[in-house]
>>> print(open('run.csv').read())   # CSV, C-alpha atoms
chain,number,residue,atom,x,y,z
R,1,MET,CA,-128.1,61.9,-25.2
R,2,LYS,CA,-126.3,58.6,-25.0
R,3,PRO,CA,-127.7,55.8,-27.2
R,4,SER,CA,-129.6,53.0,-25.4
R,5,ALA,CA,-128.1,49.6,-24.9
R,6,LEU,CA,-130.3,48.2,-27.7
R,7,ALA,CA,-129.3,51.0,-30.0
R,8,ARG,CA,-125.6,50.4,-29.2
R,9,LEU,CA,-126.1,46.7,-29.9
R,10,PHE,CA,-127.8,47.5,-33.2
R,11,LEU,CA,-125.0,49.8,-34.2
R,12,SER,CA,-122.4,47.2,-33.3
R,13,LEU,CA,-124.2,44.6,-35.4
R,14,CYS,CA,-124.3,47.1,-38.3
R,15,ILE,CA,-120.6,47.7,-38.0
R,16,LEU,CA,-119.8,44.0,-37.9
R,17,GLY,CA,-122.1,43.5,-40.9
R,18,ALA,CA,-120.2,46.2,-42.8
R,19,VAL,CA,-116.9,44.7,-41.9
R,20,SER,CA,-118.0,41.2,-42.9
R,21,ALA,CA,-119.2,42.5,-46.2
R,22,HIS,CA,-115.8,43.9,-47.0
R,23,ALA,CA,-114.1,40.8,-45.6
R,24,ALA,CA,-115.4,38.5,-48.3
R,25,THR,CA,-112.6,36.2,-49.5
R,26,VAL,CA,-112.1,33.7,-52.3
R,27,THR,CA,-112.5,30.0,-51.5
R,28,GLU,CA,-110.9,27.7,-54.0
R,29,LEU,CA,-113.2,24.8,-54.6
R,30,PHE,CA,-111.1,22.9,-57.2
R,31,GLY,CA,-107.7,23.4,-58.9
R,32,PHE,CA,-107.1,21.8,-62.2
R,33,PRO,CA,-104.0,19.6,-61.9
R,34,CYS,CA,-101.5,19.1,-64.7
R,35,THR,CA,-98.3,17.0,-64.9
R,36,ASN,CA,-95.4,16.8,-67.3
R,37,ALA,CA,-94.6,20.5,-67.0
R,38,GLY,CA,-98.2,21.3,-67.3
R,39,TYR,CA,-98.9,19.6,-70.6
R,40,THR,CA,-101.1,16.7,-69.4
R,41,CYS,CA,-104.2,17.8,-67.6
R,42,PRO,CA,-106.6,14.9,-66.9
R,43,ASP,CA,-109.5,17.1,-65.8
R,44,GLY,CA,-108.7,19.8,-68.4
R,45,ALA,CA,-107.3,23.3,-67.8
R,46,ASP,CA,-108.4,26.9,-68.2
R,47,PRO,CA,-112.1,26.7,-67.3
R,48,ASP,CA,-114.0,28.6,-70.1
R,49,SER,CA,-117.7,28.3,-69.2
R,50,LEU,CA,-119.8,27.6,-66.1
R,51,ILE,CA,-123.6,27.3,-65.5
R,52,GLN,CA,-125.8,26.1,-62.6
R,53,ALA,CA,-128.3,23.6,-64.0
R,54,SER,CA,-131.8,22.6,-62.9
R,55,ASP,CA,-130.4,19.9,-60.7
R,56,GLY,CA,-128.5,22.4,-58.6
R,57,ASN,CA,-125.1,21.2,-59.8
R,58,PHE,CA,-122.7,23.3,-61.8
R,59,TYR,CA,-121.5,22.3,-65.3
R,60,GLY,CA,-118.8,23.8,-67.3
R,61,THR,CA,-116.0,23.3,-69.9
R,62,THR,CA,-112.3,23.7,-70.0
R,63,PHE,CA,-110.6,25.3,-72.9
R,64,ASP,CA,-107.9,22.7,-73.3
R,65,SER,CA,-106.2,19.6,-71.9
R,66,ARG,CA,-102.6,20.6,-72.9
R,67,GLU,CA,-101.8,17.2,-74.2
R,68,THR,CA,-98.4,16.2,-75.5
R,69,SER,CA,-99.9,13.5,-77.7
R,70,TYR,CA,-98.5,13.3,-81.2
R,71,GLY,CA,-96.1,16.1,-80.6
R,72,ARG,CA,-98.7,18.8,-80.0
R,73,ALA,CA,-98.4,20.6,-76.7
R,74,THR,CA,-100.5,23.8,-76.6
R,75,GLY,CA,-104.1,24.6,-76.0
R,76,LEU,CA,-105.8,21.4,-77.3
R,77,GLY,CA,-108.7,19.2,-76.4
R,78,GLY,CA,-110.7,20.3,-73.4
R,79,THR,CA,-113.3,18.7,-71.2
R,80,ILE,CA,-116.9,19.0,-70.0
R,81,PHE,CA,-117.2,18.7,-66.2
R,82,LYS,CA,-119.7,18.6,-63.4
R,83,MET,CA,-119.2,20.3,-60.0
R,84,THR,CA,-121.3,19.9,-56.9
R,85,PRO,CA,-121.9,23.1,-54.8
R,86,ALA,CA,-119.3,21.7,-52.4
R,87,GLY,CA,-116.7,21.6,-55.1
R,88,GLN,CA,-116.5,17.9,-56.1
R,89,VAL,CA,-115.6,17.7,-59.8
R,90,THR,CA,-116.3,14.9,-62.1
R,91,VAL,CA,-115.2,14.9,-65.8
R,92,LEU,CA,-118.1,14.0,-68.0
R,93,TYR,CA,-116.3,14.0,-71.4
R,94,THR,CA,-112.8,14.6,-72.7
R,95,PHE,CA,-112.2,15.8,-76.3
R,96,GLN,CA,-109.6,13.3,-77.5
R,97,SER,CA,-107.2,13.5,-80.4
R,98,ASN,CA,-106.7,10.7,-82.9
R,99,ALA,CA,-103.5,9.2,-84.3
R,100,GLN,CA,-103.2,12.0,-86.7
R,101,GLY,CA,-103.4,14.7,-84.0
R,102,HIS,CA,-106.9,15.8,-85.0
R,103,TYR,CA,-109.9,16.2,-82.7
R,104,PRO,CA,-112.8,14.6,-84.5
R,105,SER,CA,-115.3,15.5,-81.8
R,106,GLY,CA,-114.1,19.0,-81.6
R,107,GLU,CA,-111.8,21.0,-79.2
R,108,ALA,CA,-111.9,24.2,-77.2
R,109,PRO,CA,-115.5,23.6,-75.9
R,110,ALA,CA,-117.4,26.7,-74.7
R,111,SER,CA,-120.8,28.3,-74.2
R,112,LEU,CA,-122.5,25.6,-72.2
R,113,VAL,CA,-126.3,25.9,-71.8
R,114,GLU,CA,-129.0,23.6,-70.5
R,115,GLY,CA,-131.7,22.8,-73.1
R,116,SER,CA,-135.4,22.4,-72.4
R,117,ASP,CA,-134.9,18.7,-72.9
R,118,GLY,CA,-132.5,18.6,-69.9
R,119,PHE,CA,-129.4,17.9,-72.0
R,120,LEU,CA,-126.4,20.2,-72.0
R,121,TYR,CA,-125.5,21.9,-75.3
R,122,GLY,CA,-122.4,23.7,-76.2
R,123,VAL,CA,-120.0,24.5,-79.0
R,124,ALA,CA,-116.6,23.2,-79.9
R,125,SER,CA,-114.8,26.4,-81.1
R,126,THR,CA,-112.6,24.4,-83.5
R,127,GLY,CA,-111.8,20.8,-84.3
R,128,GLY,CA,-114.4,18.4,-85.5
R,129,GLN,CA,-114.8,16.7,-88.9
R,130,PHE,CA,-112.7,18.3,-91.6
R,131,SER,CA,-112.4,15.9,-94.5
R,132,GLY,CA,-113.9,17.4,-97.7
R,133,LEU,CA,-115.0,20.6,-96.0
R,134,ALA,CA,-114.0,24.1,-97.1
R,135,VAL,CA,-112.2,24.8,-93.8
R,136,SER,CA,-110.2,22.4,-91.7
R,137,GLN,CA,-111.7,21.7,-88.3
R,138,PRO,CA,-114.4,24.4,-88.3
R,139,GLY,CA,-116.0,23.4,-85.0
R,140,ASN,CA,-119.5,22.0,-84.1
R,141,VAL,CA,-122.5,22.1,-81.8
R,142,PHE,CA,-122.7,19.2,-79.4
R,143,ARG,CA,-125.0,17.9,-76.7
R,144,ILE,CA,-124.5,15.5,-73.7
R,145,SER,CA,-126.6,14.4,-70.8
R,146,LYS,CA,-125.9,15.7,-67.3
R,147,ALA,CA,-124.7,12.2,-66.4
R,148,GLY,CA,-122.1,12.3,-69.1
R,149,SER,CA,-123.6,9.9,-71.5
R,150,GLY,CA,-124.9,10.3,-75.0
R,151,PHE,CA,-122.4,12.8,-76.4
R,152,GLN,CA,-123.5,13.7,-79.9
R,153,ILE,CA,-122.5,16.2,-82.5
R,154,VAL,CA,-125.6,18.1,-83.5
R,155,HIS,CA,-124.2,20.2,-86.3
R,156,THR,CA,-120.8,20.4,-88.0
R,157,PHE,CA,-119.9,23.8,-89.4
R,158,CYS,CA,-118.8,24.3,-93.0
R,159,SER,CA,-121.2,21.6,-94.0
R,160,LEU,CA,-122.7,23.9,-96.6
R,161,PRO,CA,-120.8,25.0,-99.8
R,162,ASN,CA,-118.3,27.8,-99.1
R,163,CYS,CA,-119.0,27.5,-95.4
R,164,ALA,CA,-122.3,29.3,-95.8
R,165,ASP,CA,-123.4,28.0,-92.4
R,166,GLY,CA,-120.4,29.5,-90.7
R,167,ALA,CA,-117.2,28.4,-89.1
R,168,PHE,CA,-115.6,28.6,-85.6
R,169,PRO,CA,-118.8,28.9,-83.4
R,170,ALA,CA,-118.6,31.6,-80.7
R,171,GLY,CA,-121.7,31.2,-78.6
R,172,LEU,CA,-125.1,29.5,-78.0
R,173,THR,CA,-128.3,30.9,-76.4
R,174,LEU,CA,-131.6,29.2,-75.6
R,175,ALA,CA,-134.5,31.5,-76.5
R,176,SER,CA,-138.1,31.6,-75.3
R,177,ASP,CA,-139.3,29.8,-78.4
R,178,GLY,CA,-137.3,26.7,-77.3
R,179,ASN,CA,-134.7,27.0,-80.1
R,180,PHE,CA,-131.0,27.7,-79.8
R,181,TYR,CA,-129.5,30.8,-81.4
R,182,GLY,CA,-125.8,31.0,-82.1
R,183,THR,CA,-123.0,32.9,-83.8
R,184,THR,CA,-119.8,32.0,-85.7
R,185,ASP,CA,-116.6,34.0,-86.0
R,186,ALA,CA,-116.2,33.3,-89.7
R,187,GLY,CA,-117.8,31.7,-92.7
R,188,GLY,CA,-120.9,32.8,-94.5
R,189,SER,CA,-121.7,33.7,-98.1
R,190,PHE,CA,-119.5,36.9,-98.4
R,191,GLN,CA,-116.5,35.7,-100.3
R,192,GLY,CA,-113.3,37.6,-101.0
R,193,GLN,CA,-113.5,40.2,-98.3
R,194,ASP,CA,-110.4,38.9,-96.5
R,195,CYS,CA,-112.3,37.9,-93.4
R,196,GLN,CA,-110.7,34.5,-93.0
R,197,SER,CA,-111.1,34.6,-96.8
R,198,PHE,CA,-114.5,32.8,-96.6
R,199,GLY,CA,-116.8,35.1,-94.8
R,200,CYS,CA,-117.3,37.2,-91.6
R,201,GLY,CA,-119.6,35.0,-89.6
R,202,THR,CA,-123.2,34.0,-89.3
R,203,VAL,CA,-126.1,33.9,-86.9
R,204,TYR,CA,-128.1,30.7,-86.9
R,205,ARG,CA,-131.1,28.9,-85.3
R,206,LEU,CA,-130.8,25.3,-84.1
R,207,ALA,CA,-134.0,23.4,-83.1
R,208,LEU,CA,-133.9,20.6,-80.6
R,209,ASN,CA,-134.5,18.1,-83.4
R,210,GLY,CA,-131.3,19.3,-85.1
R,211,THR,CA,-132.8,21.5,-87.8
R,212,PHE,CA,-130.2,24.2,-88.7
R,213,THR,CA,-131.1,27.5,-90.3
R,214,VAL,CA,-128.8,30.4,-91.2
R,215,LEU,CA,-130.7,33.6,-90.3
R,216,HIS,CA,-128.1,36.2,-91.1
R,217,THR,CA,-124.6,36.5,-92.6
R,218,LEU,CA,-122.5,39.5,-91.4
R,219,ASN,CA,-121.4,41.8,-94.1
R,220,GLY,CA,-118.0,42.5,-92.6
R,221,THR,CA,-118.2,46.3,-93.0
R,222,THR,CA,-120.9,48.1,-91.1
R,223,GLU,CA,-121.8,44.9,-89.1
R,224,GLY,CA,-118.3,43.8,-88.5
R,225,SER,CA,-117.4,40.2,-87.6
R,226,LEU,CA,-116.5,38.2,-84.5
R,227,LEU,CA,-120.0,38.5,-83.2
R,228,GLY,CA,-120.1,37.2,-79.7
R,229,ARG,CA,-122.7,35.2,-77.8
R,230,MET,CA,-126.1,36.9,-77.9
R,231,ILE,CA,-128.7,37.2,-75.2
R,232,GLN,CA,-132.5,37.4,-75.5
R,233,ALA,CA,-133.8,40.6,-73.8
R,234,SER,CA,-137.2,41.2,-72.4
R,235,ASP,CA,-138.4,42.6,-75.7
R,236,GLY,CA,-137.9,39.2,-77.2
R,237,ASN,CA,-135.0,40.3,-79.5
R,238,LEU,CA,-131.4,39.1,-79.4
R,239,TYR,CA,-128.5,41.4,-78.6
R,240,GLY,CA,-124.8,40.9,-78.8
R,241,PRO,CA,-121.4,42.5,-79.3
R,242,SER,CA,-119.5,42.6,-82.6
R,243,SER,CA,-115.8,43.3,-82.2
R,244,CYS,CA,-114.0,43.6,-85.5
R,245,GLN,CA,-114.3,44.9,-89.1
R,246,CYS,CA,-113.7,42.6,-92.0
R,247,GLY,CA,-111.4,43.4,-94.8
R,248,ALA,CA,-107.7,43.9,-95.4
R,249,GLY,CA,-106.4,47.1,-93.7
R,250,ALA,CA,-109.8,47.9,-92.3
R,251,PRO,CA,-109.9,49.6,-88.9
R,252,ILE,CA,-111.0,47.5,-85.9
R,253,PHE,CA,-114.2,48.7,-84.3
R,254,GLY,CA,-117.0,47.4,-82.1
R,255,ALA,CA,-120.7,47.5,-82.3
R,256,ILE,CA,-123.8,46.4,-80.5
R,257,VAL,CA,-126.3,44.6,-82.7
R,258,ARG,CA,-129.9,43.5,-82.5
R,259,MET,CA,-131.7,40.6,-84.3
R,260,THR,CA,-135.3,39.4,-84.1
R,261,LEU,CA,-135.9,35.7,-83.9
R,262,THR,CA,-136.9,35.7,-87.6
R,263,GLY,CA,-133.5,37.2,-88.6
R,264,GLN,CA,-134.0,40.9,-89.0
R,265,PHE,CA,-130.6,42.3,-88.1
R,266,SER,CA,-129.5,45.8,-87.3
R,267,VAL,CA,-126.7,47.7,-85.6
R,268,ILE,CA,-127.9,49.9,-82.7
R,269,TYR,CA,-124.6,51.4,-81.7
R,270,THR,CA,-121.1,51.7,-83.1
R,271,PHE,CA,-118.2,52.3,-80.6
R,272,PRO,CA,-115.7,55.1,-81.3
R,273,VAL,CA,-112.5,53.6,-82.6
R,274,PRO,CA,-110.7,51.7,-81.1
R,275,GLN,CA,-113.2,50.7,-78.3
R,276,ILE,CA,-114.3,47.1,-78.7
R,277,PRO,CA,-116.8,45.2,-76.5
R,278,VAL,CA,-115.4,42.1,-74.8
R,279,THR,CA,-118.2,40.5,-72.8
R,280,ARG,CA,-121.6,39.0,-73.4
R,281,LEU,CA,-124.3,41.5,-72.6
R,282,THR,CA,-126.5,41.3,-69.5
R,283,GLN,CA,-129.9,42.9,-69.1
R,284,GLY,CA,-130.5,44.6,-65.8
R,285,SER,CA,-133.8,44.8,-63.9
R,286,ASN,CA,-134.1,48.4,-65.2
R,287,GLY,CA,-134.2,47.1,-68.8
R,288,LEU,CA,-130.8,48.5,-69.8
R,289,LEU,CA,-128.1,46.2,-71.2
R,290,TYR,CA,-124.6,46.1,-69.6
R,291,GLY,CA,-121.3,45.1,-70.9
R,292,ALA,CA,-117.6,45.9,-70.9
R,293,THR,CA,-115.1,47.3,-73.5
R,294,ILE,CA,-111.3,47.5,-73.8
R,295,GLU,CA,-109.3,49.7,-76.0
R,296,ASP,CA,-107.4,47.8,-78.7
R,297,VAL,CA,-103.9,49.3,-78.2
R,298,SER,CA,-100.6,47.7,-77.1
R,299,GLY,CA,-99.7,47.9,-73.4
R,300,SER,CA,-102.5,49.0,-71.1
R,301,LYS,CA,-106.0,48.5,-72.3
R,302,PRO,CA,-108.3,51.2,-70.8
R,303,GLY,CA,-111.9,50.4,-71.1
R,304,GLY,CA,-115.0,50.3,-68.9
R,305,ILE,CA,-118.4,49.0,-68.0
R,306,PHE,CA,-121.2,50.5,-70.1
R,307,GLN,CA,-124.9,50.6,-70.2
R,308,ILE,CA,-127.0,50.8,-73.4
R,309,SER,CA,-130.7,50.9,-74.0
R,310,THR,CA,-132.3,48.5,-76.5
R,311,THR,CA,-132.7,51.5,-78.8
R,312,GLY,CA,-129.0,52.4,-78.7
R,313,GLN,CA,-128.6,55.1,-76.0
R,314,TYR,CA,-125.0,54.5,-74.7
R,315,LEU,CA,-123.2,55.6,-71.5
R,316,GLN,CA,-119.9,54.4,-70.0
R,317,ILE,CA,-120.6,54.2,-66.2
R,318,HIS,CA,-117.3,52.8,-64.8
R,319,PRO,CA,-113.8,52.9,-66.3
R,320,PHE,CA,-111.1,50.4,-65.7
R,321,THR,CA,-107.6,49.4,-67.1
R,322,LEU,CA,-106.4,46.0,-68.0
R,323,ALA,CA,-102.7,46.6,-67.5
R,324,CYS,CA,-101.2,43.1,-67.4
R,325,SER,CA,-100.1,40.3,-69.6
R,326,HIS,CA,-102.6,37.8,-68.3
R,327,SER,CA,-104.6,36.0,-70.9
R,328,GLY,CA,-107.9,35.9,-69.0
R,329,GLY,CA,-110.8,38.1,-70.0
R,330,VAL,CA,-113.5,40.1,-68.2
R,331,ALA,CA,-116.4,38.0,-66.9
R,332,PRO,CA,-119.9,38.8,-68.2
R,333,ILE,CA,-121.6,41.2,-65.8
R,334,VAL,CA,-124.0,39.6,-63.2
R,335,GLN,CA,-126.7,41.6,-61.6
R,336,ALA,CA,-126.9,39.8,-58.2
R,337,SER,CA,-129.7,39.6,-55.7
R,338,ASP,CA,-128.5,42.9,-54.1
R,339,GLY,CA,-129.3,44.7,-57.3
R,340,ASN,CA,-125.7,45.6,-58.0
R,341,LEU,CA,-123.5,44.6,-60.9
R,342,TRP,CA,-120.7,42.1,-60.3
R,343,THR,CA,-117.8,41.3,-62.7
R,344,THR,CA,-114.1,40.7,-62.7
R,345,ASN,CA,-110.9,42.4,-63.6
R,346,PRO,CA,-108.1,39.9,-64.5
R,347,CYS,CA,-105.4,42.4,-63.7
R,348,ASP,CA,-106.5,44.2,-60.6
R,349,GLY,CA,-104.0,43.9,-57.7
R,350,GLY,CA,-101.7,41.8,-59.8
R,351,TRP,CA,-103.8,38.6,-59.7
R,352,GLY,CA,-107.2,39.9,-60.5
R,353,SER,CA,-110.4,40.7,-58.6
R,354,VAL,CA,-114.1,40.3,-58.4
R,355,TYR,CA,-115.9,43.6,-57.7
R,356,SER,CA,-119.3,45.2,-57.6
R,357,ILE,CA,-120.6,48.5,-58.8
R,358,SER,CA,-124.0,50.2,-58.5
R,359,VAL,CA,-126.1,50.4,-61.7
R,360,ASN,CA,-124.8,54.0,-61.9
R,361,GLY,CA,-121.2,52.9,-61.8
R,362,THR,CA,-120.1,53.6,-58.2
R,363,LEU,CA,-117.5,51.1,-57.0
R,364,LEU,CA,-118.9,49.3,-53.9
R,365,GLN,CA,-116.7,46.3,-53.1
R,366,THR,CA,-113.5,44.6,-54.4
R,367,ILE,CA,-112.4,41.1,-53.5
R,368,HIS,CA,-108.8,40.4,-54.6
R,369,PHE,CA,-107.2,37.1,-55.6
R,370,ASN,CA,-103.7,36.3,-54.3
R,371,GLY,CA,-102.4,33.8,-57.0
R,372,THR,CA,-102.6,30.8,-54.7
R,373,ASP,CA,-106.4,30.9,-55.1
R,374,GLY,CA,-106.3,31.6,-58.8
R,375,THR,CA,-105.1,34.1,-61.3
R,376,SER,CA,-107.2,36.1,-63.9
R,377,PRO,CA,-110.8,35.4,-62.9
R,378,ASP,CA,-113.0,35.5,-66.0
R,379,LEU,CA,-116.1,33.4,-65.1
R,380,LEU,CA,-118.7,34.6,-62.6
R,381,LEU,CA,-122.3,33.7,-61.7
R,382,GLN,CA,-124.6,33.8,-58.6
R,383,GLY,CA,-125.6,30.4,-57.3
R,384,SER,CA,-129.0,29.5,-56.0
R,385,ASN,CA,-127.7,29.8,-52.4
R,386,GLY,CA,-126.7,33.4,-53.0
R,387,ASP,CA,-122.9,32.8,-53.2
R,388,LEU,CA,-120.8,33.9,-56.2
R,389,TYR,CA,-119.2,31.1,-58.2
R,390,GLY,CA,-116.7,31.4,-61.0
R,391,GLY,CA,-113.4,30.3,-62.5
R,392,THR,CA,-109.9,31.7,-63.2
R,393,TYR,CA,-107.9,31.4,-66.3
R,394,ASP,CA,-104.8,30.2,-64.5
R,395,GLY,CA,-103.2,29.8,-61.1
R,396,GLY,CA,-104.4,28.3,-57.9
R,397,LYS,CA,-103.3,25.0,-56.2
R,398,ASP,CA,-104.3,21.5,-57.0
R,399,SER,CA,-105.1,18.9,-54.3
R,400,THR,CA,-101.4,18.1,-53.8
R,401,GLY,CA,-100.5,21.7,-53.3
R,402,LYS,CA,-98.8,22.1,-56.7
R,403,THR,CA,-99.6,25.0,-59.0
R,404,ALA,CA,-102.9,24.5,-60.8
R,405,PHE,CA,-103.9,25.6,-64.3
R,406,GLY,CA,-107.0,27.5,-63.3
R,407,VAL,CA,-109.5,27.0,-60.5
R,408,LEU,CA,-113.2,27.0,-59.7
R,409,PHE,CA,-114.0,29.2,-56.7
R,410,ALA,CA,-116.8,30.4,-54.5
R,411,ILE,CA,-117.2,33.8,-52.7
R,412,ASN,CA,-119.6,34.3,-49.8
R,413,ALA,CA,-120.3,38.1,-50.2
R,414,GLY,CA,-123.3,38.0,-47.8
R,415,LEU,CA,-125.8,38.0,-50.7
R,416,SER,CA,-129.3,36.5,-50.3
R,417,PRO,CA,-130.4,33.8,-52.7
R,418,PRO,CA,-131.8,35.2,-56.0
R,419,LYS,CA,-135.5,35.2,-56.3
>>> encode(input="run.csv", output="structure tokens")
Amino acid sequence: MKPSALARLFLSLCILGAVSAHAATVTELFGFPCTNAGYTCPDGADPDSLIQASDGNFYGTTFDSRETSYGRATGLGGTIFKMTPAGQVTVLYTFQSNAQGHYPSGEAPASLVEGSDGFLYGVASTGGQFSGLAVSQPGNVFRISKAGSGFQIVHTFCSLPNCADGAFPAGLTLASDGNFYGTTDAGGSFQGQDCQSFGCGTVYRLALNGTFTVLHTLNGTTEGSLLGRMIQASDGNLYGPSSCQCGAGAPIFGAIVRMTLTGQFSVIYTFPVPQIPVTRLTQGSNGLLYGATIEDVSGSKPGGIFQISTTGQYLQIHPFTLACSHSGGVAPIVQASDGNLWTTNPCDGGWGSVYSISVNGTLLQTIHFNGTDGTSPDLLLQGSNGDLYGGTYDGGKDSTGKTAFGVLFAINAGLSPPK
């Protein structure tokens, strides 16, 4: 029996819909321009964080400004910027160096988050005040209004003796109690374990009024160090990846850790050597946590997307290989409105890709970059309109057609707005 005209029309629409789903392409919204051989970038370079705030606009940070001031010309400074959904970018704050080449307000900003007071909070991974501290330029926590006014350093690390409060902050999370919880790559009270020689990192609480409390100091052995940005799961606890072991000659390893809001800390899973987690975790609608690992070996770096329960049951669901020299990383996994998991591979196809998998690991869709629209995508989120937004570590074109140093992009993958 031949299908009816209505059935044929429906079938045609389904086919067109399937084609359009696979025809999603990258739209560059903004390319970060640089001059003087790439070492002066007025808007910043290498976007490092991106969020959509309550006003509907996007806010983010760039890792550096690549300034040549005072004879320094690599990975310095950084900016905080605002981007409208249409791609108009305004720089809200630039981390400037002084006459000595130091960055008193910090440098390498990251981990932007909107506080319950409407201000933007983030960390400067390094830089900041250093005179009289145990560690030069240990980083800080800052805040700024969405209009770009009122920049303020909320906490300077290594303010306590022996850097007991930590050094080199790695992430910041707003929890349900209204406080921020963060991690540092080093510092703490464990001395002499050859983890930066002054500790293996801390987990802290920061109240909106600036009250700072160290909740846990990593021991550098079973807990590792380099604890990444933590998330708050539906059970109220914080979860995050730890990606290294402290101590001279100690093997590198990775772990997933859990901490209550009162500071009770535990390791729920230790990866087989040398697998190490490389992204912030995401909790899916099924209650499982998702993340990505790489293998710490030279050359290709096989790894994969994994799922883990809040009690430590682990399963790798999708393998991948990062076989390239690009410096960009893997974006934290996003569970989009279609229920699938979206992330990036900075090496796929030569320039990188955004792709989706089912919660069971089946590859569903891959959207490749071509270099002119960016290289090494490592930021990804779903906007309130349903489109995917993100950033690339490098590549793209600026407004004059010259090679950019990273881009902000959008992808219309046919997704509905998130509920």
>>> residues_around(input="run.csv", residues="stretch 371-380 of chain R", least_positions_apart="3", cutoff="6 Å", atoms="all atoms listed in the file", output="JSON, numbers by chain")
{"R": [28, 328, 329, 330, 331, 346, 351, 352, 389, 390, 391, 392, 393, 394, 395, 396, 407]}
>>> residues_near_point(input="run.csv", point="(-106.8, 15.6, -66.5)", cutoff="12 Å", atoms="all atoms listed in the file", output="PDB file with C-alpha atoms, in the frame of the given file")
ATOM      1  CA  GLY R  31    -107.700  23.400 -58.900  1.00  0.00           C
ATOM      2  CA  PHE R  32    -107.100  21.800 -62.200  1.00  0.00           C
ATOM      3  CA  PRO R  33    -104.000  19.600 -61.900  1.00  0.00           C
ATOM      4  CA  CYS R  34    -101.500  19.100 -64.700  1.00  0.00           C
ATOM      5  CA  THR R  35     -98.300  17.000 -64.900  1.00  0.00           C
ATOM      6  CA  ASN R  36     -95.400  16.800 -67.300  1.00  0.00           C
ATOM      7  CA  GLY R  38     -98.200  21.300 -67.300  1.00  0.00           C
ATOM      8  CA  TYR R  39     -98.900  19.600 -70.600  1.00  0.00           C
ATOM      9  CA  THR R  40    -101.100  16.700 -69.400  1.00  0.00           C
ATOM     10  CA  CYS R  41    -104.200  17.800 -67.600  1.00  0.00           C
ATOM     11  CA  PRO R  42    -106.600  14.900 -66.900  1.00  0.00           C
ATOM     12  CA  ASP R  43    -109.500  17.100 -65.800  1.00  0.00           C
ATOM     13  CA  GLY R  44    -108.700  19.800 -68.400  1.00  0.00           C
ATOM     14  CA  ALA R  45    -107.300  23.300 -67.800  1.00  0.00           C
ATOM     15  CA  ASP R  46    -108.400  26.900 -68.200  1.00  0.00           C
ATOM     16  CA  THR R  62    -112.300  23.700 -70.000  1.00  0.00           C
ATOM     17  CA  ASP R  64    -107.900  22.700 -73.300  1.00  0.00           C
ATOM     18  CA  SER R  65    -106.200  19.600 -71.900  1.00  0.00           C
ATOM     19  CA  ARG R  66    -102.600  20.600 -72.900  1.00  0.00           C
ATOM     20  CA  GLU R  67    -101.800  17.200 -74.200  1.00  0.00           C
ATOM     21  CA  GLY R  77    -108.700  19.200 -76.400  1.00  0.00           C
ATOM     22  CA  GLY R  78    -110.700  20.300 -73.400  1.00  0.00           C
ATOM     23  CA  THR R  79    -113.300  18.700 -71.200  1.00  0.00           C
ATOM     24  CA  ILE R  80    -116.900  19.000 -70.000  1.00  0.00           C
ATOM     25  CA  PHE R  81    -117.200  18.700 -66.200  1.00  0.00           C
ATOM     26  CA  VAL R  89    -115.600  17.700 -59.800  1.00  0.00           C
ATOM     27  CA  THR R  90    -116.300  14.900 -62.100  1.00  0.00           C
ATOM     28  CA  VAL R  91    -115.200  14.900 -65.800  1.00  0.00           C
ATOM     29  CA  LEU R  92    -118.100  14.000 -68.000  1.00  0.00           C
ATOM     30  CA  TYR R  93    -116.300  14.000 -71.400  1.00  0.00           C
ATOM     31  CA  THR R  94    -112.800  14.600 -72.700  1.00  0.00           C
ATOM     32  CA  PHE R  95    -112.200  15.800 -76.300  1.00  0.00           C
ATOM     33  CA  GLN R  96    -109.600  13.300 -77.500  1.00  0.00           C
ATOM     34  CA  ASP R 398    -104.300  21.500 -57.000  1.00  0.00           C
ATOM     35  CA  ALA R 404    -102.900  24.500 -60.800  1.00  0.00           C
ATOM     36  CA  PHE R 405    -103.900  25.600 -64.300  1.00  0.00           C
TER      37      PHE R 405
END
>>> atom_distance(input="run.csv", atom1="atom CA of R:Phe168", atom2="atom CA of R:Arg229")
12.4 Å
>>> closest_residue(input="run.csv", among="R:Gly291, R:Gly361, R:Pro272, R:Gly118", to="R:Ala147", atoms="only C-alpha atoms")
R:Gly118
>>> closest_residue(input="run.csv", among="R:Gly56, R:Pro277, R:Gly115, R:Gly240", to="R:Gly178", atoms="all atoms listed in the file")
R:Gly115
>>> closest_residue(input="run.csv", among="R:Leu289, R:Val267, R:Val26, R:Ile317", to="R:Ser353", atoms="all atoms listed in the file")
R:Val26
>>> residues_around(input="run.csv", residues="stretch 303-307 of chain R", least_positions_apart="2", cutoff="10 Å", atoms="only C-alpha atoms", output="PyMOL selection string")
chain R and resi 275-279+281-284+288-296+300-301+309-310+312-322+333+341+343+357+359-361
>>> atom_distance(input="run.csv", atom1="atom CA of R:Cys200", atom2="atom CA of R:His216")
10.9 Å
>>> atom_distance(input="run.csv", atom1="atom CA of R:Pro417", atom2="atom CA of R:Gln335")
12.4 Å
>>> residues_around(input="run.csv", residues="R:Pro138", least_positions_apart="2", cutoff="7 Å", atoms="only C-alpha atoms", output="PyMOL selection string")
chain R and resi 126-128+135-136+157-158+167-168
>>> write_last_selection(input="run.csv", atoms="C-alpha atoms", output="PDB file, keeping the file's coordinate frame")
ATOM      1  CA  THR R 126    -112.600  24.400 -83.500  1.00  0.00           C
ATOM      2  CA  GLY R 127    -111.800  20.800 -84.300  1.00  0.00           C
ATOM      3  CA  GLY R 128    -114.400  18.400 -85.500  1.00  0.00           C
ATOM      4  CA  VAL R 135    -112.200  24.800 -93.800  1.00  0.00           C
ATOM      5  CA  SER R 136    -110.200  22.400 -91.700  1.00  0.00           C
ATOM      6  CA  PHE R 157    -119.900  23.800 -89.400  1.00  0.00           C
ATOM      7  CA  CYS R 158    -118.800  24.300 -93.000  1.00  0.00           C
ATOM      8  CA  ALA R 167    -117.200  28.400 -89.100  1.00  0.00           C
ATOM      9  CA  PHE R 168    -115.600  28.600 -85.600  1.00  0.00           C
TER      10      PHE R 168
END
